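With compact mmCIF, C-alpha atoms inside, this is work.txt:
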```txt
# COMPACT_ATOMS: atom_id res chain seq x y z
CA MET A 3 0.00 0.00 0.00
CA LYS A 4 2.82 2.29 0.91
CA LYS A 5 4.61 1.54 -2.36
CA GLY A 6 1.40 2.26 -4.28
CA LYS A 7 1.08 5.70 -2.72
CA ILE A 8 4.69 6.51 -3.56
CA PHE A 9 4.06 5.49 -7.17
CA ILE A 10 0.92 7.69 -7.33
CA TYR A 11 2.68 10.68 -5.79
CA SER A 12 5.62 10.25 -8.15
CA GLY A 13 3.25 10.20 -11.13
CA ILE A 14 1.47 13.33 -9.91
CA PHE A 15 4.79 15.13 -9.42
CA ALA A 16 6.05 14.09 -12.85
CA GLY A 17 2.80 15.25 -14.42
CA PHE A 18 3.07 18.58 -12.63
CA ILE A 19 6.63 19.07 -13.92
CA LEU A 20 5.53 18.19 -17.47
CA ILE A 21 2.60 20.63 -17.34
CA LEU A 22 4.87 23.36 -15.96
CA PHE A 23 7.44 22.75 -18.71
CA LEU A 24 4.80 22.86 -21.46
CA SER A 25 3.25 25.98 -19.95
CA LEU A 26 6.61 27.72 -19.94
CA LYS A 27 7.20 26.74 -23.58
CA ILE A 28 3.77 28.02 -24.61
CA PHE A 29 4.37 31.24 -22.68
CA GLU A 30 7.78 31.64 -24.30
CA MET A 31 6.36 31.12 -27.80
CA VAL A 32 3.47 33.51 -27.29
CA TYR A 33 5.65 36.09 -25.54
CA PHE A 34 8.34 35.87 -28.22
CA ASN A 35 5.84 36.20 -31.05
CA GLU A 36 4.11 39.17 -29.41
CA LYS A 37 7.10 40.98 -27.92
CA TYR A 38 10.22 39.95 -29.84
CA TYR A 39 11.37 39.63 -33.44
CA LYS A 40 14.43 38.30 -35.14
CA VAL A 41 16.06 41.03 -37.25
CA PRO A 42 15.99 40.16 -40.98
CA ASP A 43 18.99 40.57 -43.27
CA LEU A 44 18.37 43.81 -45.20
CA LYS A 45 21.80 44.06 -46.83
CA SER A 46 21.83 44.28 -50.66
CA TYR A 47 18.21 45.51 -50.65
CA THR A 48 17.18 49.07 -51.44
CA TYR A 49 15.64 51.17 -48.67
CA GLU A 50 12.19 50.86 -50.28
CA GLU A 51 12.52 47.07 -50.48
CA ALA A 52 13.61 46.93 -46.83
CA GLU A 53 10.49 48.82 -45.77
CA LYS A 54 8.34 46.19 -47.46
CA ILE A 55 10.27 43.35 -45.80
CA VAL A 56 9.53 44.63 -42.27
CA LEU A 57 6.02 45.84 -43.11
CA ASN A 58 4.22 43.10 -41.11
CA THR A 59 6.78 42.63 -38.33
CA ASP A 60 6.21 45.69 -36.10
CA LEU A 61 9.82 46.65 -36.78
CA ASN A 62 10.86 49.94 -38.36
CA VAL A 63 13.60 50.80 -40.83
CA LYS A 64 15.42 54.10 -40.37
CA LYS A 65 17.90 55.39 -42.94
CA ILE A 66 20.89 56.97 -41.22
CA GLY A 67 22.86 58.07 -44.25
CA GLY A 68 24.93 57.02 -47.23
CA GLU A 69 28.61 56.21 -47.67
CA PHE A 70 30.93 54.77 -50.31
CA SER A 71 31.12 50.98 -50.26
CA SER A 72 31.62 47.94 -52.48
CA TYR A 73 27.83 47.57 -52.81
CA PRO A 74 26.04 49.07 -55.86
CA ILE A 75 24.50 52.53 -55.51
CA GLY A 76 21.23 52.50 -53.55
CA GLN A 77 21.72 49.15 -51.79
CA ILE A 78 21.92 48.79 -48.01
CA PHE A 79 25.47 47.78 -47.06
CA LEU A 80 25.32 48.16 -43.26
CA GLN A 81 22.59 47.66 -40.65
CA GLU A 82 22.28 47.85 -36.88
CA PRO A 83 21.25 45.57 -35.17
CA GLU A 84 22.91 42.85 -37.23
CA PRO A 85 20.79 40.18 -39.01
CA GLY A 86 19.57 37.43 -36.66
CA THR A 87 19.60 39.63 -33.55
CA VAL A 88 16.49 39.25 -31.33
CA VAL A 89 14.90 42.62 -30.55
CA LYS A 90 11.72 43.95 -28.97
CA LYS A 91 8.62 44.95 -30.88
CA GLY A 92 8.82 48.43 -32.39
CA ARG A 93 12.65 48.50 -32.61
CA ASN A 94 14.23 50.69 -35.27
CA ILE A 95 16.66 48.96 -37.63
CA ARG A 96 19.19 51.58 -38.63
CA VAL A 97 20.56 51.21 -42.16
CA TRP A 98 23.23 52.87 -44.28
CA VAL A 99 22.81 53.04 -48.05
CA SER A 100 25.71 52.69 -50.49
CA ASN A 101 26.82 55.61 -52.63
CA GLY A 102 28.76 53.19 -54.81
CA ALA A 103 32.51 52.77 -54.99
CA ALA A 104 34.72 55.73 -54.06
CA LEU A 105 36.14 57.41 -57.16
CA VAL A 106 39.69 58.68 -57.49
CA ASP A 107 41.58 60.47 -60.26
CA MET A 108 43.85 58.22 -62.29
CA PRO A 109 47.33 59.67 -61.56
CA ASP A 110 49.84 60.47 -64.28
CA LEU A 111 52.16 57.47 -64.22
CA THR A 112 53.67 57.96 -67.67
CA GLY A 113 57.41 58.53 -67.68
CA MET A 114 57.84 56.76 -64.33
CA ASN A 115 59.73 53.56 -63.77
CA PHE A 116 57.16 50.76 -63.85
CA LEU A 117 58.06 49.48 -60.37
CA ASP A 118 57.58 52.96 -58.85
CA ALA A 119 54.34 53.45 -60.80
CA LYS A 120 53.05 50.07 -59.59
CA VAL A 121 53.69 50.99 -55.94
CA LEU A 122 51.97 54.38 -56.34
CA ALA A 123 48.96 52.83 -58.06
CA GLU A 124 48.55 50.19 -55.36
CA GLU A 125 48.84 52.83 -52.62
CA LYS A 126 45.83 54.54 -54.20
CA GLY A 127 43.82 51.31 -54.05
CA MET A 128 44.22 50.27 -57.68
CA VAL A 129 45.02 46.79 -58.97
CA VAL A 130 47.62 46.16 -61.67
CA GLY A 131 46.09 44.31 -64.62
CA ASN A 132 47.76 43.66 -67.98
CA VAL A 133 51.35 44.80 -68.48
CA ILE A 134 52.45 44.99 -72.12
CA THR A 135 56.16 45.60 -72.73
CA VAL A 136 57.46 46.93 -76.05
CA LYS A 137 60.72 48.22 -77.47
CA GLY A 138 60.43 52.00 -77.41
CA ASN A 139 62.66 55.06 -77.53
CA GLY A 140 62.43 55.91 -73.84
CA LYS A 141 64.21 54.52 -70.80
CA TYR A 142 64.12 50.85 -69.98
CA ASN A 143 61.08 49.88 -67.84
CA GLU A 144 59.52 53.32 -68.36
CA VAL A 145 55.71 53.58 -68.39
CA MET A 146 54.66 54.76 -71.85
CA ALA A 147 50.88 54.75 -71.34
CA THR A 148 48.16 53.53 -69.01
CA ASP A 149 44.57 52.40 -69.40
CA PRO A 150 42.54 54.18 -68.04
CA ALA A 151 44.31 57.35 -69.09
CA THR A 152 45.54 60.09 -66.75
CA ASN A 153 42.84 62.10 -64.86
CA THR A 154 40.11 59.57 -65.62
CA LEU A 155 37.78 58.95 -62.66
CA ILE A 156 38.09 55.32 -61.58
CA SER A 157 36.91 53.18 -58.68
CA LYS A 158 39.19 51.93 -55.95
CA GLY A 159 40.07 48.33 -56.70
CA GLN A 160 39.76 48.83 -60.46
CA LYS A 161 42.34 47.13 -62.65
CA ILE A 162 44.69 49.30 -64.68
CA SER A 163 46.88 48.23 -67.59
CA PHE A 164 50.41 49.44 -68.38
CA LEU A 165 52.36 49.86 -71.59
CA VAL A 166 56.04 49.60 -70.59
CA ASN A 167 59.26 50.08 -72.55
CA GLY A 168 61.64 47.13 -72.46
CA LEU A 169 60.81 44.11 -74.66
CA GLU A 170 62.98 43.29 -77.67
CA ASN A 171 60.25 41.31 -79.46
CA VAL A 172 57.67 43.89 -80.41
CA VAL A 173 54.03 42.94 -79.90
CA GLN A 174 51.85 43.49 -82.96
CA VAL A 175 48.34 44.94 -82.64
CA ARG A 176 45.67 45.78 -85.18
CA MET A 177 44.95 49.47 -85.82
CA PRO A 178 41.36 50.15 -84.68
CA ASP A 179 38.89 52.11 -86.78
CA ILE A 180 38.41 55.51 -85.11
CA ILE A 181 37.30 57.49 -88.17
CA GLY A 182 34.01 59.32 -87.58
CA ILE A 183 34.09 59.37 -83.79
CA THR A 184 35.08 62.15 -81.42
CA VAL A 185 38.73 62.78 -80.70
CA GLU A 186 38.23 61.88 -77.00
CA GLU A 187 36.70 58.51 -77.89
CA GLY A 188 39.45 57.90 -80.42
CA GLN A 189 42.15 58.56 -77.83
CA GLU A 190 40.55 56.10 -75.40
CA ILE A 191 40.31 53.39 -78.07
CA LEU A 192 43.94 53.84 -79.10
CA SER A 193 45.03 53.64 -75.45
CA ARG A 194 43.07 50.40 -74.92
CA ASN A 195 44.85 48.95 -77.95
CA SER A 196 48.33 49.86 -76.59
CA LEU A 197 48.78 52.71 -79.08
CA ILE A 198 49.82 56.30 -78.34
CA VAL A 199 48.25 59.45 -79.78
CA GLY A 200 50.87 61.54 -81.58
CA ASN A 201 50.25 64.82 -83.39
CA ILE A 202 46.69 66.09 -83.66
CA ASP A 203 46.07 68.34 -86.67
CA TYR A 204 42.81 70.25 -87.05
CA LYS A 205 41.23 70.80 -90.43
CA GLU A 206 38.03 72.64 -91.34
CA LEU A 207 35.73 70.40 -93.41
CA LYS A 208 32.27 71.33 -94.66
CA GLY A 209 29.41 69.12 -93.49
CA ILE A 210 31.41 67.53 -90.66
CA ALA A 211 30.86 68.49 -87.05
CA PRO A 212 33.90 69.78 -85.16
CA GLY A 213 35.93 67.44 -82.97
CA VAL A 214 35.54 64.34 -85.20
CA VAL A 215 38.48 62.17 -86.30
CA VAL A 216 38.69 62.26 -90.11
CA LYS A 217 42.10 60.69 -90.80
CA THR A 218 44.79 58.57 -89.10
CA SER A 219 48.43 58.03 -90.03
CA ILE A 220 47.86 54.25 -90.00
CA ASN A 221 44.91 52.73 -91.83
CA SER A 222 42.40 50.81 -89.75
CA GLY A 223 43.00 47.05 -89.82
CA ASP A 224 46.74 47.36 -90.50
CA ARG A 225 49.19 45.62 -88.16
CA VAL A 226 51.33 47.96 -86.11
CA SER A 227 53.76 47.59 -83.21
CA ALA A 228 52.27 48.11 -79.76
CA GLY A 229 53.42 51.45 -78.41
CA SER A 230 53.45 53.05 -81.86
CA THR A 231 52.51 56.72 -82.20
CA ILE A 232 49.41 57.42 -84.28
CA ASN A 233 48.91 60.88 -85.77
CA ILE A 234 45.33 61.96 -86.35
CA VAL A 235 43.46 64.71 -88.20
CA VAL A 236 40.39 66.20 -86.49
CA SER A 237 37.69 68.41 -87.95
CA LYS A 238 37.32 71.93 -86.61
```
What do you get writing this file as structure tokens?
Amino acid sequence: MKKGKIFIYSGIFAGFILILFLSLKIFEMVYFNEKYYKVPDLKSYTYEEAEKIVLNTDLNVKKIGGEFSSYPIGQIFLQEPEPGTVVKKGRNIRVWVSNGAALVDMPDLTGMNFLDAKVLAEEKGMVVGNVITVKGNGKYNEVMATDPATNTLISKGQKISFLVNGLENVVQVRMPDIIGITVEEGQEILSRNSLIVGNIDYKELKGIAPGVVVKTSINSGDRVSAGSTINIVVSK
């Protein structure tokens, strides 16, 4: 009889513990759902998209400002609290929107020793891309041209290419067709093809807008040594 009572009391106690545990779990679930939220990941979304994401969560999105970052323009790149953080109902999620990559002026590296130019470029956050070496008239290992060209606005981390004096075996490139385009566009195309703009002569031609390339010293399609100087005639 005594053992039976102990068994009954043990069962009652175990049942009480189970009910208490379940009650606490139910309370926790209800309380969490009503009072707390897990912060969503808003990074890479626009501010307008982020507002829609938190629309039914009783959380708020507050734009603090914008800064340069590796994210595209208009996307959220930083938020506080961080994604996955548990916060109370009504909490503001502060976000910062990207202004895009920081732009810097491409420095004038022409005439410098390539090793010095490489160090300077990397100090400014640029990455060295293609390096084409040719046999030129300047000093050995001298930078003859860069792509992008000097004073061009570029992003930090962008790759730049060098045309360097020093190789005995001359690299051959094909002369691009720049007739009929502006002189600025023509200069960029020549630079991308490891060619250097030489003399620019201006000639008045009826029916042709000013600033257009009308003639080049090398015909388009012809093979020419990389680093060659190309003279052009431009309408005025």
Quiz item: Any idea what the distance is between CA of Ala123 in chain A and CA of Ser193 in chain A?
Solution: 17.8 Å
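Among the candidates A:Val175, A:Asn94, A:Pro212, A:Asp203, the residue lying nearest to Ile66 in chain A is A:Asn94 (atoms considered: all atoms listed in the file).
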Quiz item: For the atom pair CA of Asn115 in chain A and CA of Ser219 in chain A, what is the interatomic distance in Å to one decimal place?
Solution: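 So the answer is 28.9 Å.
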Quiz item: Between CA of Asp179 in chain A and CA of Ile191 in chain A, what is the distance, to one decimal in Å?
Solution: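 Between CA of Asp179 in chain A and CA of Ile191 in chain A the gap is 8.9 Å.
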Exercise. Would you mind telling me which residue in A:Pro74, A:Tyr39, A:Asn139, A:Leu80 lies nearest to Arg93 in chain A when using only C-alpha atoms?
Key: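 Closest residue, counting only C-alpha atoms: A:Tyr39.
Counting all atoms listed in the file, the residue from A:Glu82, A:Asp110, A:Glu187, A:Glu51 that sits nearest to Ile95 in chain A is A:Glu82.
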Practice problem: Rank nothing, just name the residue among A:Met146, A:Val216, A:Val63, A:Ile183 nearest to Thr231 in chain A, using only C-alpha atoms. | Solution: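 Distance minimum relative to Thr231 in chain A lands on A:Met146.
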Exercise. Do a neighbour search on Arg176 in chain A at 9 Å with only C-alpha atoms, toss out local chain neighbours closer than 5 positions, and write the hits as a ChimeraX atom specification.
Key: /A:195,222-228
Exercise. Rank nothing, just name the residue among A:Lys91, A:Ile78, A:Tyr38, A:Pro85 nearest to Asn62 in chain A, using all atoms listed in the file.
Key: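 Between A:Lys91, A:Ile78, A:Tyr38, A:Pro85, the residue approaching Asn62 in chain A most closely is A:Lys91.
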Hey, which bits of range 37-86 of chain A sit within 6 Å of range 101-108 of chain A, and for each residue what's the closest pair of atoms and how far apart in Å (one decimal), counting all atoms listed in the file, rows by chain and increasing number, as JSON lines?
```
{"residue": "A:Gly68", "atom": "CA", "partner": "A:Asn101", "partner_atom": "CA", "distance": 5.9}
{"residue": "A:Glu69", "atom": "CA", "partner": "A:Asn101", "partner_atom": "CA", "distance": 5.3}
{"residue": "A:Phe70", "atom": "CA", "partner": "A:Asn101", "partner_atom": "CA", "distance": 4.8}
{"residue": "A:Ser71", "atom": "CA", "partner": "A:Ala103", "partner_atom": "CA", "distance": 5.2}
{"residue": "A:Ser72", "atom": "CA", "partner": "A:Ala103", "partner_atom": "CA", "distance": 5.5}
{"residue": "A:Pro74", "atom": "CA", "partner": "A:Gly102", "partner_atom": "CA", "distance": 5.0}
{"residue": "A:Ile75", "atom": "CA", "partner": "A:Gly102", "partner_atom": "CA", "distance": 4.4}
```
Quick one: residues within 10 Å of Glu190 in chain A, all atoms listed in the file, excluding same-chain residues fewer than 2 positions away - as a CSV table (one decimal) with C-alpha atoms, in the coordinates of the input?
```csv
chain,number,residue,atom,x,y,z
A,149,ASP,CA,44.6,52.4,-69.4
A,150,PRO,CA,42.5,54.2,-68.0
A,151,ALA,CA,44.3,57.4,-69.1
A,180,ILE,CA,38.4,55.5,-85.1
A,185,VAL,CA,38.7,62.8,-80.7
A,186,GLU,CA,38.2,61.9,-77.0
A,187,GLU,CA,36.7,58.5,-77.9
A,188,GLY,CA,39.4,57.9,-80.4
A,192,LEU,CA,43.9,53.8,-79.1
A,193,SER,CA,45.0,53.6,-75.4
A,194,ARG,CA,43.1,50.4,-74.9
A,195,ASN,CA,44.8,49.0,-78.0
A,197,LEU,CA,48.8,52.7,-79.1
A,198,ILE,CA,49.8,56.3,-78.3
A,199,VAL,CA,48.2,59.4,-79.8
```
